[in-house]
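A quick write-up on the structure given underneath.
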Amino acid sequence: MQVVKRGLFIVFEGLDRSGKSTQSKMLASYLENELQVPVKSICFPNRESVSGKTLNQYLQNRDMKYPDEAIHLIFAANRWEMRDQILSDLKSGITLICDRYAFSGVAYSAAKGLDFEWCKNPDRGLVKPDLTFFIDANAETIKSRSDYGSERYERVEFQKKVSESYGKFKQEAEADEHWVTVQADGKSIEEMHSEILDKFIKYRESQSEGCDDLDKL
Ligand code: Z5A
Ligand code: MG
């Protein structure tokens, strides 16, 4: 009987317009086309699900009043809705490339003033990513990118606070092989892609033995 090696769970994190979707797509396409790795791309919030429709409304309508704690729980529920699918994909050998995950949940809610540790709780028990690429972009630099400012959180002052929250994860994860910070400022899309690919390949080689267990957040 052939044993299926599980897929890797790769997450992209960072500020709005920092380049997460661009880099997720480029990595997914490289893995699929050049390395023949079975890949699926997912993103959070998943705006199509039950909770996702509420989140979409909330993000697009700055005037919609809703308690910060409650919206935080809905963002987490949005991930819980996908938990079983994520587990089943990984176990069947599919590598998942995920655009935002639980770190976004904490970073954005903590930036509004909610307690950082409290914010982590609703995501505890979800699948832990094997590798998180944090795209470290300057809030001032990215405001000139196309479409910036169309949704609720896209204001430079708020993005600076989000950047501080991400900074805490960065510190916590300093010596953690599962977290990679990619400096974005001054780098082209291609330069970032080759840095990310390089880090991904090194990680994959280092995990070639015994990465079958899935950890939890
Ligand atoms: N949120 C939350 O509060 N809690 C949660 O739990 C979760 C999310 C999961 C929607 O997220 C919001 O939900 C988000 C956080 C909150 N805040 N807001 N608003 P989203 O992921 O749907 O959307 P986003 O992250 O805000 O924006 P985005 O448009 O998806 O950004 P991106 O994916 O990082 O960027 P991109 O589309 O790859 O690139 C943006 C542009 O920059 C594009 O024109 C690129 O060609 C260009 N670009 C990319 N890289 C470069 C470089 N290196 N140089 C120059 N130009 C570049
Ligand atoms: Mg995006």
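Chain labels follow the order of the structure tokens: the first chain is A, the next B, and so on; residue numbering restarts at 1 in every chain, and ligands are counted from 1 in their shown order.
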Original post:
Counting only C-alpha atoms and all ligand atoms, what residues are within 7 Å of ligand 1, given as a PyMOL selection string?
Top reply: chain A and resi 14-23+44-45+59+72+75-76+99-102+104-106+108-109+145-146+151-154+184+187-189+192
Could the residues in this selection be saved with C-alpha atoms as a CSV table (one decimal), in the first residue's frame?
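Saved the output as result_36.csv:
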```csv
chain,number,residue,atom,x,y,z
A,14,GLY,CA,1.2,41.1,6.2
A,15,LEU,CA,-0.4,44.5,5.9
A,16,ASP,CA,-3.1,45.4,3.4
A,17,ARG,CA,-1.6,45.7,-0.1
A,18,SER,CA,1.7,44.3,1.0
A,19,GLY,CA,1.7,41.7,-1.8
A,20,LYS,CA,0.3,38.6,-0.1
A,21,SER,CA,-2.0,37.6,-2.9
A,22,THR,CA,0.6,38.2,-5.5
A,23,GLN,CA,3.2,36.1,-3.7
A,44,PHE,CA,-9.2,34.3,4.8
A,45,PRO,CA,-11.6,35.8,5.2
A,59,LEU,CA,-15.3,45.3,5.8
A,72,HIS,CA,-13.1,39.1,16.2
A,75,PHE,CA,-13.2,36.1,11.8
A,76,ALA,CA,-12.2,33.1,14.0
A,99,ASP,CA,-3.6,34.1,2.1
A,100,ARG,CA,-4.0,35.3,5.7
A,101,TYR,CA,-4.8,33.2,8.7
A,102,ALA,CA,-5.1,33.4,12.5
A,104,SER,CA,-4.3,38.4,10.9
A,105,GLY,CA,-7.1,37.9,13.3
A,106,VAL,CA,-4.9,38.8,16.3
A,108,TYR,CA,-6.0,43.5,13.4
A,109,SER,CA,-8.1,43.1,16.6
A,145,ARG,CA,-0.6,51.0,-4.3
A,146,SER,CA,-3.7,50.6,-6.5
A,151,GLU,CA,-12.0,49.0,2.8
A,152,ARG,CA,-12.5,49.6,6.5
A,153,TYR,CA,-8.9,49.2,7.8
A,154,GLU,CA,-7.0,50.8,4.9
A,184,ALA,CA,9.4,44.0,1.2
A,187,LYS,CA,12.1,44.9,-3.6
A,188,SER,CA,10.4,44.0,-6.8
A,189,ILE,CA,7.7,41.4,-7.0
A,192,MET,CA,10.5,38.8,-3.4
```
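All residues in range 70-204 of chain A with a DSSP state of strand (DSSP E), computed from the backbone, read Thr95, Leu96, Ile97, Cys98, Asp99, Leu131, Thr132, Phe133, Phe134, Ile135, Asp136, Trp179, Val180, Thr181, Val182 and Gln183 of chain A.
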Keeping only C-alpha atoms, write the selected residues to a file as a compact mmCIF listing (two decimals), in the first residue's frame.
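Full text of selection.txt as output:
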```txt
# COMPACT_ATOMS: atom_id res chain seq x y z
CA THR A 95 -0.13 21.54 -0.13
CA LEU A 96 -2.25 24.53 0.92
CA ILE A 97 -1.19 28.08 0.19
CA CYS A 98 -3.25 30.30 2.44
CA ASP A 99 -3.59 34.07 2.05
CA LEU A 131 5.52 27.86 7.43
CA THR A 132 4.32 31.46 7.65
CA PHE A 133 5.78 34.10 5.35
CA PHE A 134 5.33 37.51 6.93
CA ILE A 135 5.68 40.20 4.28
CA ASP A 136 7.15 43.10 6.18
CA TRP A 179 8.11 31.79 10.64
CA VAL A 180 9.94 33.70 7.90
CA THR A 181 9.98 37.49 7.74
CA VAL A 182 10.49 38.82 4.22
CA GLN A 183 11.47 42.48 4.03
```
**OP:** Find the spatial neighbours of Lys216 in chain A, counting only C-alpha atoms, within a cut-off of 8 Å - ignore same-chain residues fewer than 2 positions away - and output them as a PyMOL selection string.
**Re:** chain A and resi 124-128+214
**OP:** Check the smallest atom-to-atom distance from each of A:Asp147, A:Glu48, A:Pro38, A:Ser29 to ligand 2 using only C-alpha atoms and all ligand atoms, then report the winner.
**Re:**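 The answer is A:Asp147, which sits nearest to ligand 2.
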Original post:
What's the 6 Å shell around range 159-175 of chain A, counting only C-alpha atoms, without same-chain residues fewer than 2 positions away, as a VMD selection string?
Top reply: chain A and resid 107 to 108 111 139 156 to 157
**OP:** Would you mind writing down, as a ChimeraX atom specification, each residue of range 24-207 of chain A that DSSP on the backbone assigns to alpha helix (DSSP H)?
**Re:** /A:24-33,50-60,68-80,83-91,102-111,116-120,139-142,156-172,189-206
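A straight line drawn from CA of Ile196 in chain A to CA of Leu27 in chain A is 7.9 Å long.
For Glu81 in chain A, the non-local neighbours within 9 Å, defined as residues at least 5 positions apart in the same chain or in other chains and counting only C-alpha atoms, are Ser49, Val50, Ser51 and Ala76 of chain A.
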